[in-house]
Each structure stands twice: as structure tokens, then as C-alpha cells.
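Chemist: Got a structure here, written out as C-alpha cells. Questions coming.
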Amino acid sequence: MPKNLFEKIWEAHEVDDDLIYVDLHLVHEVTSPQAFDGLRLAERPVRRPDKTLATADHNVPTDGTPAARLIADSLSRVQVEALETNCEEFGIPLYSLGSERQGIVHVIGPELGATQPGMTIVCGDSHTATHGAFGALAIGIGTSEVEHVLATQCLVQKRPKTMRILYRGKLGAGVSAKDLILATIGRLGTAGMRGHAVEYAGEPIQALSMENRMTICNMTIEGGGRAGMVAPDETTFEYMRGRPGLPDDFEAAVERWSELPSEDGSSFDTEVEIDAGELSPMVTWGTTPGMVVQVTDEVPDPERLDSPADRDSAERALAYMDLRPGTPMTEIPLERVFIGSCTNSRISDLREAAAMIDGRRVADDIRAMVVPGSAQVKAEAESEGLDEVFQSAGFEWRGAGCSMCLGMNPDILSPGERCASTSNRNFEGRQGAGGRTHLVSPKMAAAAAVKGHFVDIREWT
Amino acid sequence: MPMDPIDIVEGRVAVLDRSDVDTDQIIPKQFLKRVERTGFGEFLFYDWFRSGEIELEAHPILVTGRNFGSCSSREHAVWALKDYGFDALIAPSFSDIFFTNCTKNGLLPIVLDEDRCKAVAGAGEARIDLDDQTVNCAAGVFHFEIDEEIKHRLINGLDDVAMTLQRAEAIDAFEADGRADRGPVTTAL
């Protein structure tokens, strides 16, 4: 029987019933300390430190703090130092503050070539699905599971259902991968992919760069999915070529990986089709990523929603966001702009944003910041002069980390502040207590920084 | 980690009538910096409690809306709910990672359809029998489905690392077969 991409990877990793072998375990400081404590209590070693890789990202100040011991916030410092101690004790390679390889865990895996097609990858982080862009099965896990993988190199996991989202047509000019995934979540809902490993397929996906595919897979969890995947192809192999973590015989590996894509006639538990040609630049208006409209739309009216639960959620979201139904999205005034996060902080994201602002200035009342996803992205951007472009336009140019995506470090919104953000979550208080987040693509964020409000970038000249 | 065994959860029912409650609301990010598993209860629903938007008594059972625990993988959300006093959650659906996290910490997640959730909420008290897979309240006796393996672990309070280590031979064989050779050698990067 013809097999799909997920089935091939799953079956190659079945150790026993519902027990899956893990090829790469990525670790960061927030979800790991209790797992290491558990190992120590039970006097268990890490089974495969050579398949484990750690970095510090969530707590990292983006002001250039060069070492964990210099982090001003004492709780953050303790957490990063705990990661350093734990990695030292258990022999796990770590890129902490000051390392030229430090960065957001979902940015550094791919850029080191550690993320490869056909692998199983786990991390104590729900955005682990990002790595699925390479045709890997990448699953976000909790701390108990982190401990389990450290001890056994395996994950107890029921086989998820499979879903294929097949995109037709072609993305229009100014419409990006971020818009595609936001529109998809808007259509399917925040639980629409629940229980599924999702394959994103079709010509519009094949036409995308690896960074763009990562953006799409990254937000699978916002649709409730277990894992997001894209079949590996020439674009994948070209992106990987020359990176440090690759197998010695790369060409032989490419031949193996070329066998991974879903075969003709393979089936999926759920199939969805979306016309990419109909999509527009998107902006969220509410407090879940599924509360999203086209930039040319108005803030929706909860009264028009069918279910009482949806109406109730929408009304609460509008109250929190301080928005009135019927307001054009382009007339919502902004105070902050954030370009960064594991969704949109890679070099091509920064290039796209920089191209929008070249020669322009950030609007007077806007505080805008760019946070590269890793120390390597930062160095690459600087070698291209992107830091100059951003800074001369009035953006702050920061050090690598999760930054204002989740406000575990000094980069946060003040209560009531409204932000256009390239991150992945617009939950209440996500970017700081009382902060109001609108999710957009890097181009949309850059244009919004210049104008002080959202604009339809299809008309940007 | 071994956990407290669950068999019967009995008592009053707290109600949070909201859908899509995300883990950022259950435990806001500023409280994820602790390096222990304990002490998270006082930060549960921090912003909603502080603003007076919601109130929840620390009853043994919490009934809530669909897609509870969405998004972030933070197990701190489960630790906070458990530490606050809840032993069982009842909702029309849970987010996948959150559901798994509950089952690793002795917090019993039960899926009932929306009408039955409302009925349990209305009854105000309930008796959950995990072995029988029933929720018994003034509105009726409702059967719920739960995976056999998860049920076994919860009832016996088993440490799933220890359970998997009993299958170490299978893992050894998988590695010895050369099936574990994919991916980078991180220690050589």
C-alpha cells in the first residue's frame, strides 16, 4: 500500500507498541530543570547525550548580556545557570549565552544542519513542529516527557491521525507563508488539526523557501496539530548543503531522503483543500490565532457568530483588545512593532522586512524592534548591512532570543500597549500583562511600523 | 516521576465556563522561571484571579469549556491546577500536549460532551470512578472513554520512565540494529 511521509517516518521509528525512538532531543532552560531533577532523584543517566542538544532562549535578555551569570533578573539567571549545570553534569552539548551558536531552539536546529529529513525530533516546546519543514516528524512535549526521553531516548506516543492540507493555485504578491498559515488556522479553527500529524502540500508549498516552510509548520500547534510537515525536496537539500551537522556522505543521504515524500495514492485520515490564490495579507483581531481577518476587512461583529460560545469568546476578545466591531483593520493605531520569534526571525524574514522599510522611517509614536532568531542570523544580517537598514529607519536591533514573543525576559509590552507582532500567539497577556497583540507577517509588521497602522502591503510601492 | 494513584475523585465541582482557555492564562509566563515542580498553585489564572474576572473554589473537580489547555507545552499549567487543589478536569475537549501532561501528573482529564459537562456543572457535586469510567452526579451517571494504558498508569500511580525502562531490551535491539543511526552526533557538532 502506498505510504505517506508521516507513515514512513513513524514506522521507521517504532521500537515497540506506542514507543517511538527519538533521533534528536532539543532542550531549553524553561521546560527542562524539573526533568533533570527527576533523573537525579531516580539516579538515572541520560541515555544518549550524543542525540541531545541544548540552548538558552526563552529567558535570554536581548541587550547583549554576554554570560548567564550576568543576567540581571535573578529567576531567569537561576534557570539558565541550572541549564548550564545540568548539561555539564549529564554531558549534553549546550549553546548558552555568549556562544556564537546560541539562539532560539527552533532556529538553531535547522541552521546547524541538526534538523534533517526523516528524523524524529522532540523538544519541550510546542513550536517544535517547526522542524517538520524538513520532512521530519517533530513533536512538542511536556516536562515529564522530556525526562522520559532523556532517560530512554524514546517517547510513549499513540499514533496520531494524519491530515493533508493541499493548497492549490499560487500565492499572490505580498501574500506570505505567515498569511497562508494564519488563514488556514482561521478557517479550521484553533482545534481544527487536533490529534493529527499534518502534511502541508501542493505547489504553493513547494514554491516556498525553507524559512517560509518553517513559518508554516511552526504554527501547526496554533491549529491544535500534533506535528506539521512538508515533504523534503531540492529546496530542502539546497538549504542544508554545507551545514555542520550533516552526514558524512551527504549525497547518499539525499538519495535516501528523496524516498520520503508521500506516494501517489497514499491516504490521509482527513483531507483539506485551500485555494492559495484567494488568500490576502492577514491580521489577527482577537485573542487566539484563529481570530483573524484580511487586512482589508473590518473588526468583525460578534453578533454575527452562530454559536453562543463563539459569541462570548469574541465579545471578551474585543473587550480585551479594546476594539469596536466595524472598525477597518487599517485604522487601528499601533504603539509597538516586534519582528522576531521562532515563527519569523530567520534571515529571509529579516530581508523581507528590511526591503519594505529601505529609506523610510518608523512612524513617530511607534517603538519598533527587530530580534534575530540566533547569533548566526544576527551575524549574517549584519554582514549584509540589514542592521544599518533597520537602525537608520528607527528600529532597535537586538541580540538573539525569544524576546517579546512571550515576555519571559525584559522585552515586554506595557499594559494597554498595542503591538503588530510577527510571533505566533496573541493570547491575553502573552507579550506582557495587558498587552494587545496583532499577529502579522514580517512585511506587514515592517509596513505597519512605517505607517503607524496596518496597511495593505499589496499597494506598497 | 511516580504520581499519586487515582481511583475515585469525589466532591464539589468548580466551573470555568470558557472555551479555548490557553496555558498562558492558566499559568502566565512570568511564573515559569521556577526550577521546581511545586508551588505553582498560587499563580494559577493569575491575571484573571487578580482582576476579579473569575473566581474558582479549590474543589476536587473543575468543569470547563472545549479545547482547554491549548497551545504551550508548559507542564507548569498542570502543576498549577493540581497544586491549587483540582484532581480531575471535565471538558468537551483538551489540547493534545496538555492532556498528556495531565496524565503524567495524576490530574485526571475527562472528556464529556458539552451537554453532559453542563449537567455536571449544574449538579455542583460529582463522584468520578476511574475504574468504572463513570461520572456520577445528580443529573445522571455518565460514561467516559479513556485509553487503557493511561487508565492503568493513573490508577496505579506508575512512573512511565520506569515502565519504559522495563522495555529496555527493545530499545537496545533497536539501537543495535543500526535503526537509531539517523541524525547528527550532537556531541561532535
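Each chain in the C-alpha cells gets a letter, A, B and so on, in the order shown; residues start at 1 in every chain, and ligands are counted from 1 in the order they appear.
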Might you pull out every residue within 9 Å of stretch 24-38 of chain B, with only C-alpha atoms counted and same-chain residues fewer than 5 positions away left off, and present them as a PyMOL selection string?

Modeler: (chain A and resi 29-34+37+59+75-76+78-79+82+406-409+427-430+432-433) or (chain B and resi 43-48+69-72+74-81+83)

Chemist: Apply DSSP to the backbone of this structure and, from chain B, keep only the residues in strand (DSSP E); write these as a PyMOL selection string.

Modeler: chain B and resi 8-16+61-64+88-91+108-111+125-129+134-137+140-143

Chemist: Using only C-alpha atoms, which residue out of B:Glu42, B:Ser95, B:Val21, B:Asn101 lies closest to A:Gly124?

Modeler: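 For A:Gly124, the nearest of the given residues is B:Asn101.
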
Chemist: To one decimal place in Å, what is the distance between atom CA of B:Phe68 and atom CA of A:Ser144?

Modeler: 19.3 Å

Chemist: Under the rule that only C-alpha atoms are counted, which of B:Glu53, B:Asp22, B:Ile155, B:Met3 is the nearest residue to A:Pro289?

Modeler: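 For A:Pro289, the nearest of the given residues is B:Asp22.
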
Chemist: Extract, using only C-alpha atoms, all DNA, RNA and protein residues at most 9 Å from A:Gln376, discarding same-chain residues fewer than 2 positions from it, and format them as a list of chain:residue names.

Modeler: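 Result of the neighbour search: A:Glu100, A:Arg101, A:Gln102, A:Gly103, A:Ile108, A:Glu111, A:Pro372, A:Gly373, A:Ser374, A:Lys378, A:Ala379, A:Glu380, A:Ala381, A:Ala400.
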
Chemist: With distances taken over only C-alpha atoms, which of B:Asp147, B:Asp172, B:Asp7, B:Asp17 is nearest to A:Pro308?

Modeler: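 Nearest candidate to A:Pro308 out of B:Asp147, B:Asp172, B:Asp7, B:Asp17: B:Asp17.
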
Chemist: Run DSSP on the backbone and grab whatever in stretch 90-183 of chain B lands in alpha helix (DSSP H); send it over as a ChimeraX atom specification.

Modeler: /B:96-103,114-123,148-156,160-165,168-176

Chemist: For those residues, write C-alpha atoms to a file as a compact mmCIF listing (two decimals), in the first residue's frame.

Modeler:
# COMPACT_ATOMS: atom_id res chain seq x y z
CA ASP B 96 -3.19 17.20 22.97
CA ILE B 97 0.00 18.13 24.85
CA PHE B 98 -1.93 19.41 27.86
CA PHE B 99 -3.93 16.17 28.02
CA THR B 100 -0.73 14.12 28.01
CA ASN B 101 0.82 16.35 30.67
CA CYS B 102 -2.23 15.79 32.92
CA THR B 103 -1.85 12.04 32.66
CA GLU B 114 -21.00 19.74 26.07
CA ASP B 115 -24.46 18.89 27.44
CA ARG B 116 -23.05 16.46 29.98
CA CYS B 117 -20.39 18.95 31.06
CA LYS B 118 -23.19 21.43 31.69
CA ALA B 119 -25.15 18.80 33.60
CA VAL B 120 -22.20 18.02 35.89
CA ALA B 121 -21.57 21.75 36.36
CA GLY B 122 -25.24 22.22 37.27
CA ALA B 123 -25.23 19.32 39.71
CA GLU B 148 -6.44 1.66 28.72
CA GLU B 149 -2.73 2.30 29.15
CA ILE B 150 -3.33 5.77 30.59
CA LYS B 151 -6.01 4.41 32.93
CA HIS B 152 -3.67 1.68 34.16
CA ARG B 153 -0.91 4.21 34.87
CA LEU B 154 -3.25 6.65 36.65
CA ILE B 155 -4.92 4.03 38.83
CA ASN B 156 -1.57 2.64 39.91
CA ASP B 160 6.22 5.87 32.97
CA VAL B 161 10.02 6.15 32.79
CA ALA B 162 10.25 3.03 34.95
CA MET B 163 7.67 1.34 32.73
CA THR B 164 9.61 2.10 29.58
CA LEU B 165 12.88 1.03 31.17
CA ALA B 168 14.98 -1.56 27.62
CA GLU B 169 15.72 -4.72 25.63
CA ALA B 170 13.58 -3.46 22.77
CA ILE B 171 15.40 -0.13 22.82
CA ASP B 172 18.79 -1.87 22.95
CA ALA B 173 17.79 -4.04 19.99
CA PHE B 174 16.57 -1.03 18.01
CA GLU B 175 19.92 0.70 18.54
CA ALA B 176 21.94 -2.47 17.87

Chemist: Using only C-alpha atoms, find the one residue out of B:Ser19, B:Ala91, B:Leu158, B:Ala58 that sits nearest to chain A.

Modeler: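 Smallest distance to chain A is found for B:Ser19.
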
Chemist: Pick from A:Leu171, A:Ile347, A:Ala448, A:Ala314: nearest to A:Ala375, with only C-alpha atoms counted?

Modeler: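 With only C-alpha atoms as the atom set, the closest residue is A:Ile347.
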
Chemist: Residues near stretch 212-229 of chain A, anyone? I mean within 7 Å using only C-alpha atoms, not counting same-chain ones fewer than 5 positions away, as an MDAnalysis selection string.

Modeler: (chainID A and resid 126:133 135:139 177:178 181 185 189:200 289 343:344 424) or (chainID B and resid 71 95)

Chemist: Write out as a ChimeraX atom specification which residues come within 9 Å of A:Leu334 when counting only C-alpha atoms, dropping same-chain ones fewer than 2 positions away.

Modeler: /A:332,336-337,365-366,417-420,448-449,452-454

Chemist: Could those selected residues go to a file with N, CA and C atoms, as a short mmCIF file (atom, residue, chain, number, x, y, z; two decimals), in the first residue's frame?

Modeler:
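Now in selection-v8.cif:
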data_model
loop_
_atom_site.label_atom_id
_atom_site.label_comp_id
_atom_site.auth_asym_id
_atom_site.auth_seq_id
_atom_site.Cartn_x
_atom_site.Cartn_y
_atom_site.Cartn_z
N ILE A 332 -6.56 50.85 12.85
CA ILE A 332 -6.23 50.59 14.25
C ILE A 332 -4.83 51.15 14.53
N ARG A 336 3.57 49.58 19.19
CA ARG A 336 4.79 48.77 19.17
C ARG A 336 4.79 47.88 17.92
N VAL A 337 6.00 47.54 17.47
CA VAL A 337 6.16 46.56 16.40
C VAL A 337 7.29 45.62 16.80
N ASP A 365 5.27 57.75 16.74
CA ASP A 365 4.84 57.22 18.04
C ASP A 365 5.08 55.73 18.20
N ILE A 366 5.80 55.14 17.28
CA ILE A 366 5.99 53.69 17.31
C ILE A 366 7.36 53.33 17.88
N GLU A 417 -0.69 48.49 25.77
CA GLU A 417 0.04 48.75 24.53
C GLU A 417 -0.40 47.80 23.43
N ARG A 418 -0.45 48.33 22.20
CA ARG A 418 -0.90 47.55 21.06
C ARG A 418 0.28 47.30 20.12
N CYS A 419 0.46 46.06 19.74
CA CYS A 419 1.67 45.67 19.01
C CYS A 419 1.34 44.86 17.77
N ALA A 420 1.99 45.21 16.65
CA ALA A 420 1.99 44.34 15.47
C ALA A 420 3.18 43.41 15.64
N ALA A 448 3.67 48.36 8.86
CA ALA A 448 2.90 48.94 9.97
C ALA A 448 3.78 49.86 10.82
N ALA A 449 5.06 49.49 10.95
CA ALA A 449 5.98 50.33 11.73
C ALA A 449 6.15 51.69 11.06
N GLY A 452 2.42 53.39 11.19
CA GLY A 452 1.77 53.54 12.49
C GLY A 452 0.43 52.82 12.57
N HIS A 453 0.06 52.14 11.50
CA HIS A 453 -1.17 51.34 11.48
C HIS A 453 -0.99 50.27 10.40
N PHE A 454 -1.91 49.32 10.35
CA PHE A 454 -1.79 48.27 9.34
C PHE A 454 -2.06 48.84 7.95
#

Chemist: From the options B:Gly106, B:Gly183, B:Pro5, B:Pro92, which residue's atoms come nearest to chain A, counting only C-alpha atoms?

Modeler: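 Closest candidate: B:Gly183.
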
Chemist: Show which residues sit within 8 Å of A:Arg47, as an MDAnalysis selection string. Count only C-alpha atoms, and ignore same-chain residues fewer than 5 positions away.

Modeler: chainID A and resid 150:153

Chemist: For B:Val185, list every protein, DNA or RNA residue within 12 Å, evaluated using only C-alpha atoms, and leave out those in the same chain fewer than 6 positions away; present the list as an MDAnalysis selection string.

Modeler: chainID A and resid 23:25 48:53 92:93 112:115 244:248

Chemist: Restricted to C-alpha atoms, what would the selected residues look like written as a tab-separated table (two decimals), in the first residue's frame?

Modeler:
chain	number	residue	atom	x	y	z
A	23	ASP	CA	16.71	10.88	16.83
A	24	LEU	CA	17.19	14.37	18.26
A	25	HIS	CA	16.11	15.85	21.57
A	48	ARG	CA	22.02	9.40	24.59
A	49	PRO	CA	23.66	12.79	25.27
A	50	ASP	CA	25.00	12.49	21.71
A	51	LYS	CA	21.42	12.82	20.43
A	52	THR	CA	20.62	15.74	22.73
A	53	LEU	CA	21.32	19.41	22.14
A	92	ILE	CA	24.90	17.41	26.90
A	93	PRO	CA	26.27	19.92	24.38
A	112	LEU	CA	23.30	23.72	12.36
A	113	GLY	CA	22.07	21.03	9.99
A	114	ALA	CA	20.96	19.06	13.06
A	115	THR	CA	17.42	19.02	11.71
A	244	PRO	CA	27.91	21.29	10.16
A	245	GLY	CA	25.57	18.55	11.41
A	246	LEU	CA	25.11	16.67	8.14
A	247	PRO	CA	26.01	13.03	7.49
A	248	ASP	CA	29.49	12.49	6.01
